[in-house]
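Next up, my_file13.tsv (TSV, C-alpha atoms):
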```
chain	number	residue	atom	x	y	z
A	1117	THR	CA	-157.95	-32.62	-96.46
A	1118	ALA	CA	-154.60	-31.12	-97.50
A	1119	ASN	CA	-152.58	-29.71	-94.60
A	1120	PRO	CA	-149.07	-28.35	-95.19
A	1121	ILE	CA	-146.21	-29.51	-92.97
A	1122	ILE	CA	-144.66	-26.42	-91.40
A	1123	LEU	CA	-140.94	-26.53	-90.62
A	1124	ASN	CA	-139.35	-23.42	-89.12
A	1125	SER	CA	-135.82	-23.13	-87.76
A	1126	ILE	CA	-133.38	-20.39	-86.83
A	1127	ASP	CA	-129.84	-20.51	-85.46
A	1128	ALA	CA	-126.94	-18.22	-84.68
A	1129	SER	CA	-123.31	-18.82	-83.81
A	1130	GLY	CA	-120.40	-16.59	-83.02
A	1131	ARG	CA	-117.87	-15.46	-80.49
A	1132	ALA	CA	-117.87	-12.73	-77.84
A	1133	GLY	CA	-114.51	-12.33	-76.16
A	1134	GLY	CA	-113.48	-15.72	-74.84
A	1135	VAL	CA	-116.98	-17.18	-75.24
A	1136	ARG	CA	-118.09	-19.13	-78.30
A	1137	PHE	CA	-121.83	-19.71	-78.62
A	1138	PHE	CA	-124.43	-21.53	-80.68
A	1139	VAL	CA	-128.17	-20.85	-80.32
A	1140	SER	CA	-130.98	-22.48	-82.28
A	1141	GLY	CA	-134.76	-22.83	-82.29
A	1142	GLN	CA	-137.10	-25.08	-84.25
A	1143	TYR	CA	-140.86	-25.47	-84.71
A	1144	THR	CA	-142.64	-28.26	-86.58
A	1145	ASP	CA	-146.38	-28.56	-87.24
A	1146	ASP	CA	-147.66	-31.68	-89.00
A	1147	GLN	CA	-151.46	-31.95	-88.85
A	1148	GLY	CA	-151.72	-34.88	-91.23
A	1149	GLY	CA	-154.30	-35.44	-93.95
A	1150	ILE	CA	-157.44	-36.34	-91.95
A	1151	LYS	CA	-159.93	-33.57	-91.21
A	1152	GLY	CA	-160.30	-32.89	-87.49
A	1153	LEU	CA	-157.01	-34.45	-86.37
A	1154	ASN	CA	-154.34	-32.19	-84.91
A	1155	GLY	CA	-151.31	-34.32	-85.76
A	1156	GLN	CA	-148.05	-33.47	-84.05
A	1157	GLN	CA	-146.38	-30.22	-83.00
A	1158	GLN	CA	-142.78	-29.94	-81.80
A	1159	ARG	CA	-140.84	-27.02	-80.32
A	1160	ARG	CA	-137.13	-27.16	-79.58
A	1161	GLY	CA	-134.46	-24.75	-78.39
A	1162	ARG	CA	-130.72	-25.23	-77.85
A	1163	VAL	CA	-127.94	-23.13	-76.31
A	1164	ASN	CA	-124.25	-24.17	-76.34
A	1165	LEU	CA	-121.44	-22.12	-74.77
A	1166	ASP	CA	-117.67	-22.65	-74.70
A	1167	TYR	CA	-115.62	-20.39	-72.44
A	1168	ASP	CA	-111.82	-20.26	-72.35
A	1169	ILE	CA	-111.07	-19.28	-68.77
A	1170	ARG	CA	-107.37	-19.55	-69.52
A	1171	ASN	CA	-105.27	-20.99	-72.29
A	1172	ASP	CA	-105.14	-24.31	-70.44
A	1173	TRP	CA	-108.69	-24.36	-69.01
A	1174	ARG	CA	-111.97	-24.55	-70.93
A	1175	ILE	CA	-115.53	-24.92	-69.65
A	1176	SER	CA	-118.49	-25.90	-71.84
A	1177	PHE	CA	-122.24	-25.56	-71.23
A	1178	SER	CA	-124.91	-27.32	-73.28
A	1179	THR	CA	-128.69	-27.11	-72.87
A	1180	LEU	CA	-131.65	-28.42	-74.86
A	1181	TYR	CA	-135.40	-27.98	-74.28
A	1182	ASP	CA	-137.95	-29.96	-76.27
A	1183	GLN	CA	-141.74	-29.72	-76.01
A	1184	GLY	CA	-144.22	-31.66	-78.09
A	1185	THR	CA	-147.90	-32.51	-78.41
A	1186	THR	CA	-149.36	-35.46	-80.31
A	1187	ASP	CA	-152.95	-36.22	-81.26
A	1188	ASN	CA	-153.15	-40.00	-80.75
A	1189	ARG	CA	-156.44	-40.39	-82.58
A	1190	SER	CA	-156.19	-42.20	-85.89
A	1191	GLY	CA	-159.67	-41.49	-87.17
A	1192	GLY	CA	-162.48	-44.00	-87.23
A	1193	SER	CA	-164.48	-44.77	-84.10
A	1194	SER	CA	-165.37	-47.62	-81.77
A	1195	ASN	CA	-167.69	-48.69	-84.57
A	1196	GLY	CA	-164.82	-49.53	-86.89
A	1197	GLY	CA	-161.29	-48.64	-87.97
A	1198	ILE	CA	-160.55	-45.84	-90.41
A	1199	PHE	CA	-159.13	-48.09	-93.14
A	1200	GLY	CA	-162.18	-50.32	-93.10
A	1201	GLN	CA	-164.40	-47.26	-93.29
A	1202	LEU	CA	-162.42	-45.75	-96.14
A	1203	LEU	CA	-162.14	-48.96	-98.19
A	1204	ARG	CA	-165.50	-50.51	-97.31
A	1205	GLY	CA	-167.39	-47.39	-96.27
A	1206	ALA	CA	-170.86	-46.09	-96.95
A	1207	PRO	CA	-172.35	-45.95	-100.46
A	1208	GLY	CA	-171.25	-43.17	-102.79
A	1209	GLY	CA	-172.89	-39.85	-102.09
A	1210	THR	CA	-172.97	-40.26	-98.30
A	1211	ASP	CA	-172.34	-36.91	-96.64
A	1212	TYR	CA	-169.74	-37.64	-93.96
A	1213	LEU	CA	-169.94	-34.03	-92.78
A	1214	ALA	CA	-173.65	-34.27	-91.97
A	1215	VAL	CA	-174.71	-33.68	-88.36
A	1216	ASP	CA	-177.95	-34.26	-86.45
A	1217	THR	CA	-180.06	-31.62	-84.71
A	1218	LEU	CA	-177.65	-31.69	-81.73
A	1219	GLY	CA	-174.63	-31.02	-83.93
A	1220	ARG	CA	-173.26	-34.57	-83.71
A	1221	PRO	CA	-171.75	-36.27	-86.78
A	1222	ILE	CA	-173.52	-39.31	-88.16
A	1223	VAL	CA	-172.44	-42.47	-86.36
A	1224	ARG	CA	-173.14	-44.94	-89.14
A	1225	GLY	CA	-172.80	-44.56	-92.86
A	1226	GLY	CA	-173.72	-48.06	-93.91
A	1227	GLY	CA	-174.72	-51.48	-92.66
A	1228	ALA	CA	-176.48	-54.65	-93.79
A	1229	PRO	CA	-177.69	-54.89	-96.43
A	1230	LEU	CA	-175.96	-51.63	-97.40
A	1231	ARG	CA	-172.32	-51.41	-98.39
A	1232	GLY	CA	-170.32	-50.47	-95.31
A	1233	SER	CA	-171.14	-53.33	-92.97
A	1234	GLY	CA	-168.75	-54.65	-90.32
A	1235	ASN	CA	-165.80	-52.42	-89.53
A	1236	GLY	CA	-166.67	-50.27	-92.55
A	1237	GLY	CA	-170.09	-49.28	-91.25
A	1238	GLY	CA	-169.01	-46.39	-89.06
A	1239	THR	CA	-168.04	-42.92	-90.13
A	1240	PHE	CA	-164.41	-41.91	-89.84
A	1241	LEU	CA	-165.15	-38.35	-88.63
A	1242	TYR	CA	-167.24	-39.31	-85.60
A	1243	ASP	CA	-164.36	-39.49	-83.13
A	1244	MET	CA	-163.15	-36.02	-84.09
A	1245	SER	CA	-165.92	-34.45	-82.01
A	1246	MET	CA	-166.62	-37.19	-79.45
A	1247	LEU	CA	-163.15	-38.38	-78.42
A	1248	VAL	CA	-160.02	-36.65	-77.14
A	1249	ASP	CA	-156.72	-38.53	-76.91
A	1250	GLU	CA	-153.65	-36.33	-76.61
A	1251	SER	CA	-150.19	-36.70	-75.17
A	1252	SER	CA	-147.75	-33.92	-74.31
A	1253	SER	CA	-144.09	-34.22	-73.45
A	1254	ASN	CA	-141.35	-32.00	-72.09
A	1255	ARG	CA	-137.63	-32.72	-71.98
A	1256	PHE	CA	-134.68	-30.73	-70.67
A	1257	LEU	CA	-131.04	-31.72	-71.04
A	1258	GLY	CA	-128.14	-29.84	-69.53
A	1259	SER	CA	-124.45	-30.54	-69.17
A	1260	ILE	CA	-121.27	-28.87	-67.95
A	1261	GLN	CA	-117.84	-30.05	-69.03
A	1262	ASN	CA	-114.45	-28.86	-67.75
A	1263	THR	CA	-111.14	-29.56	-69.47
A	1264	TYR	CA	-107.89	-28.59	-67.76
A	1265	THR	CA	-104.47	-29.17	-69.33
A	1266	PRO	CA	-101.81	-27.96	-66.89
A	1267	THR	CA	-98.96	-29.50	-68.92
A	1268	ASP	CA	-98.53	-31.14	-72.28
A	1269	TRP	CA	-98.45	-34.56	-70.61
A	1270	ALA	CA	-101.52	-34.29	-68.33
A	1271	THR	CA	-105.22	-33.61	-68.91
A	1272	VAL	CA	-107.96	-33.47	-66.28
A	1273	GLU	CA	-111.63	-33.58	-67.30
A	1274	ALA	CA	-114.78	-33.32	-65.18
A	1275	GLY	CA	-118.40	-33.17	-66.23
A	1276	ILE	CA	-121.99	-33.52	-65.07
A	1277	SER	CA	-125.15	-34.09	-67.14
A	1278	PHE	CA	-128.85	-33.91	-66.34
A	1279	ASP	CA	-131.81	-35.28	-68.29
A	1280	ASN	CA	-135.42	-34.61	-67.23
A	1281	ARG	CA	-138.40	-36.04	-69.11
A	1282	ALA	CA	-142.11	-35.67	-68.41
A	1283	ARG	CA	-145.02	-37.08	-70.40
A	1284	LEU	CA	-148.77	-36.73	-69.87
A	1285	GLN	CA	-151.39	-38.66	-71.80
A	1286	ASP	CA	-155.04	-37.75	-71.38
A	1287	SER	CA	-157.90	-39.43	-73.20
A	1288	TYR	CA	-161.64	-39.26	-72.69
A	1289	VAL	CA	-164.86	-40.20	-74.43
A	1290	ARG	CA	-167.61	-37.61	-74.19
A	1291	LYS	CA	-170.87	-38.55	-72.51
A	1292	GLY	CA	-173.39	-39.54	-75.15
A	1293	TYR	CA	-170.93	-41.37	-77.37
A	1294	ARG	CA	-173.07	-43.54	-79.64
A	1295	THR	CA	-172.40	-47.15	-80.52
A	1296	TYR	CA	-174.29	-49.74	-82.60
A	1297	THR	CA	-175.28	-51.65	-79.45
A	1298	ILE	CA	-175.50	-50.54	-75.82
A	1299	SER	CA	-172.12	-50.12	-74.13
A	1300	THR	CA	-172.45	-48.40	-70.77
A	1301	GLY	CA	-168.70	-48.01	-70.41
A	1302	THR	CA	-168.64	-45.97	-73.62
A	1303	ASN	CA	-172.10	-44.40	-73.87
A	1304	PHE	CA	-171.83	-42.71	-70.46
A	1305	GLY	CA	-168.32	-41.47	-71.21
A	1306	ASN	CA	-165.00	-42.37	-69.61
A	1307	GLN	CA	-161.59	-40.88	-69.00
A	1308	GLN	CA	-158.05	-42.17	-68.60
A	1309	ALA	CA	-154.91	-40.28	-67.67
A	1310	ASN	CA	-151.34	-41.31	-67.04
A	1311	ASN	CA	-148.08	-39.50	-66.59
A	1312	ARG	CA	-144.45	-40.46	-66.57
A	1313	PHE	CA	-141.52	-38.62	-64.99
A	1314	GLN	CA	-137.89	-39.60	-65.46
A	1315	ASP	CA	-134.79	-37.93	-64.03
A	1316	ALA	CA	-131.32	-39.07	-65.00
A	1317	MET	CA	-128.03	-37.63	-63.82
A	1318	ASN	CA	-124.45	-38.69	-64.34
A	1319	GLY	CA	-121.06	-37.26	-63.51
A	1320	SER	CA	-117.48	-38.17	-64.25
A	1321	ILE	CA	-113.95	-37.08	-63.52
A	1322	SER	CA	-110.87	-38.39	-65.24
A	1323	ALA	CA	-107.16	-37.75	-65.45
A	1324	THR	CA	-104.92	-38.80	-68.33
A	1325	PHE	CA	-101.13	-38.83	-68.23
A	1326	ARG	CA	-98.88	-39.26	-71.27
A	1327	ARG	CA	-95.13	-39.77	-71.44
A	1328	GLN	CA	-92.62	-40.61	-74.12
A	1329	LEU	CA	-90.24	-43.05	-72.47
A	1330	ARG	CA	-88.07	-43.60	-75.56
A	1331	PRO	CA	-88.22	-42.44	-79.15
A	1332	ASP	CA	-90.03	-45.66	-80.02
A	1333	LEU	CA	-92.05	-46.09	-76.80
A	1334	ASN	CA	-94.99	-44.02	-75.49
A	1335	ALA	CA	-96.83	-44.61	-72.21
A	1336	LYS	CA	-100.33	-43.52	-71.22
A	1337	ALA	CA	-102.21	-43.91	-67.92
A	1338	SER	CA	-105.85	-42.98	-67.19
A	1339	VAL	CA	-107.87	-42.80	-63.99
A	1340	ARG	CA	-111.64	-42.31	-64.08
A	1341	ALA	CA	-114.54	-42.13	-61.60
A	1342	LEU	CA	-118.21	-42.31	-62.66
A	1343	TYR	CA	-121.55	-41.59	-61.02
A	1344	ASP	CA	-124.93	-42.49	-62.53
A	1345	ARG	CA	-128.49	-42.15	-61.22
A	1346	ASN	CA	-131.89	-42.77	-62.83
A	1347	ASP	CA	-135.32	-42.19	-61.22
A	1348	LEU	CA	-138.60	-43.18	-62.88
A	1349	THR	CA	-142.15	-42.47	-61.67
A	1350	ILE	CA	-145.31	-43.68	-63.47
A	1351	ASN	CA	-148.88	-42.83	-62.48
A	1352	ALA	CA	-152.04	-44.05	-64.19
A	1353	SER	CA	-155.74	-43.69	-63.54
```

structure tokens encoding of this file:
Amino acid sequence: TANPIILNSIDASGRAGGVRFFVSGQYTDDQGGIKGLNGQQQRRGRVNLDYDIRNDWRISFSTLYDQGTTDNRSGGSSNGGIFGQLLRGAPGGTDYLAVDTLGRPIVRGGGAPLRGSGNGGGTFLYDMSMLVDESSSNRFLGSIQNTYTPTDWATVEAGISFDNRARLQDSYVRKGYRTYTISTGTNFGNQQANNRFQDAMNGSISATFRRQLRPDLNAKASVRALYDRNDLTINAS
């Protein structure tokens, strides 16, 4: 099927008093070209602020939020991969949209001695109604940066940043999933879920001193302290 890729974005920038700002938002929807697949959707928003507290002191804020969903299905089924089914599928004229009296798509479009044996025997729309495999993610980034220049020969900078990521993947096979041969682990349905959380934070403070000792000699000294932390949690079932 033909699905358009939707790309939407909006942004604004300007100044209000001593504050400079930039704001933006984006939305992307790419459902792909296979009927029944949801593809990928992405939403993103950003806010940046710069504030001049004084002529020699500036503070900056930056934030970003990103949220996305992805359909991990690639078509096909446990009875064969989508490329085998497309290239070595059922004979011409097979109605891949046909369903049985219970509303289920056909599970097999070919087979010995028909064209479509092996990994081309299944139908590539079966998983669209019998399998769910989706992942969703959220990410937030934030940072604050201070720059202080008390004299023309000294600069002090301090900043802190935070990065939070969360991802959930959920997949399940509906009860009654049909296969060529008996497979209790599949025919009776199953479910898997896993999530991943990651928090990262870092901070820094630095001081830089500059001096012209002679017309042909400049000196520079820097002092810096850093802090970094990263926590990761993974759960699966």

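Taking all atoms listed in the file into account, the polymer residues that have an atom no farther than 7 Å from (-111.3, -26.4, -68.2) are A:Asp1172, A:Trp1173, A:Arg1174, A:Ile1175, A:Asn1262, A:Thr1263, A:Tyr1264.
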
- Task: Have a look at A:Tyr1293, A:Phe1177, A:Trp1269, A:Tyr1143 and name the one nearest to Asn1124 (chain A); count all atoms listed in the file.
- Result: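 Of A:Tyr1293, A:Phe1177, A:Trp1269, A:Tyr1143, the one nearest Asn1124 (chain A) is A:Tyr1143, counting all atoms listed in the file.
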
- Task: Within 8 Å of region 1180-1187 of chain A, counting all atoms listed in the file, which residues show up once you throw out same-chain ones fewer than 4 positions away? Write them as an NGL selection string, please.
- Result: :A and (1153-1163 or 1249-1258)

- Message: Can you pull out the residues contacting Arg1340 (chain A)? Cut-off 7 Å, using all atoms listed in the file, and skip same-chain residues under 5 positions away; I want them as number ranges by chain.
- Response: A: 1321-1323

Give the padded box for region 1334-1348 of chain A as AutoDock Vina command-line options: axis-aligned, covering all atoms listed in the file, 8 Å on each side, centre and edge lengths in Å to one decimal.
```
--center_x -116.8 --center_y -43.1 --center_z -68.3 --size_x 59.6 --size_y 19.0 --size_z 30.5
```

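Here CA of Asp1216 (chain A) and CA of Gly1152 (chain A) stand 17.7 Å from one another.
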
- Near-Gly1292 (chain A) list (9 Å; all atoms listed in the file; drop same-chain fewer than 4 positions) as a PyMOL selection string: chain A and resi 1246+1302-1305

- Nearest to Gly1319 (chain A): which of A:Leu1284, A:Met1244, A:Ala1337, A:Ile1260 is it, counting only C-alpha atoms? A:Ile1260

- What is the CA of Gly1130 (chain A)-CA of Thr1271 (chain A) distance in Å, reported with one decimal? 26.8 Å

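Atom pair CA of Phe1278 (chain A) / CA of Met1317 (chain A): separated by 4.6 Å.
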
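Ranking A:Ala1352, A:Ala1214, A:Leu1333, A:Val1223 by their shortest atom-to-atom distance to Ser1287 (chain A), with all atoms listed in the file included, puts A:Ala1352 first.
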